[in-house]
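Single-structure report; data block below.
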Amino acid sequence: MTPGAFCALLNTMNVLIIYHSRTGRTRELANEIAEGAARADAAEAIVRSADEVTRDEFVAADAVIAGSPVYFGTMTAELKSVFDKFVGTRRKMEGKVGAAFATSGHHTGGKETTMMSIIQAFLIYGMIIVGDPLDTGGHYGIGFSGEMTDELRDQAVRFGERVARIAAAVASSRSQSAS
Ligand SMILES: Cc1cc2nc3c(=O)[nH]c(=O)nc-3n(C[C@H](O)[C@H](O)[C@H](O)COP(=O)(O)O)c2cc1C
């Protein structure tokens, strides 16, 4: 059974966190965001690397939260390849929620341009963008450079929870307008 069919059976909402990570920082952020997403009512959060995520998992998601290390100011080729491979799913993804996160080596290293590159892909998929909560910064998503701190963990958790809660409201309005 696909993840989407399983969630439909349980009436749950499916949040997919996709990341690319070579040295582990972005993966760590992905796991914190997933913990937050899973706190929202009836939300199932799954974490997949760019290499392992499947088309079925992508299409089954009510929200996709995608994250990348900054490579030359933009998302990595590995994450970009996910958006490239799944281009044929655009009609299925239209009206769902997308959100972004990034890590960088330097504190001004390009996290925002990288998040914007991810947001741009989501917009072209017809998706609705959600940023981080006002009390964690209120900008384009979550990001950090250097070492993870407890404060950052807390921000990542709250970001994941916010995206999942908004995705639940959007999914519910989509299913009402479909019936
Ligand atoms: C090919 C390459 C390009 C990079 N480009 C940038 C950059 O433009 N700006 C920056 O601040 N860090 C850059 N970095 C550093 C990574 O963004 C940073 O170490 C990141 O946190 C690594 O994430 P990971 O641990 O998930 O692999 C680059 C690293 C690599 C390997």
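Naming works like this for the structure tokens: A, B, ... for the chains as they're shown, residue 1 at the start of each chain, ligands 1 onward in shown order.
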
Could you pull out all residues of range 99-173 of chain A with a DSSP call of strand (DSSP E) and give them as a ChimeraX atom specification?
/A:99-104,128-129,141-145

Please provide as a VMD selection string all residues within 12 Å of range 139-145 of chain A, with the sequence filter that same-chain residues fewer than 6 positions apart are discarded (counting only C-alpha atoms).
chain A and resid 25 to 30 32 to 33 65 to 70 98 to 120 129 to 133 151 to 160 162 to 163

For range 85-88 of chain A, work out the shell of residues within 12 Å, counting only C-alpha atoms and skipping chain neighbours fewer than 5 positions away, then give it as a ChimeraX atom specification.
/A:50-51,53-59,77-80,93-94,121-122,124-126

Excluding Glu161 in chain A and its own-chain neighbours fewer than 5 positions away, which residues fall within 7 Å of it when counting only C-alpha atoms? Please give them as a PyMOL selection string.
chain A and resi 36-37+39-40

For Met13 in chain A, list every protein, DNA or RNA residue within 7 Å, evaluated using only C-alpha atoms, and leave out those in the same chain fewer than 3 positions away; present the list as an NGL selection string.
:A and (7 or 42-44 or 62 or 168)

Write out as a list of chain:residue names which residues come within 6 Å of Val97 in chain A when counting only C-alpha atoms, dropping same-chain ones fewer than 3 positions away.
A:Ala63, A:Met127, A:Ile128, A:Ile129, A:Ala167
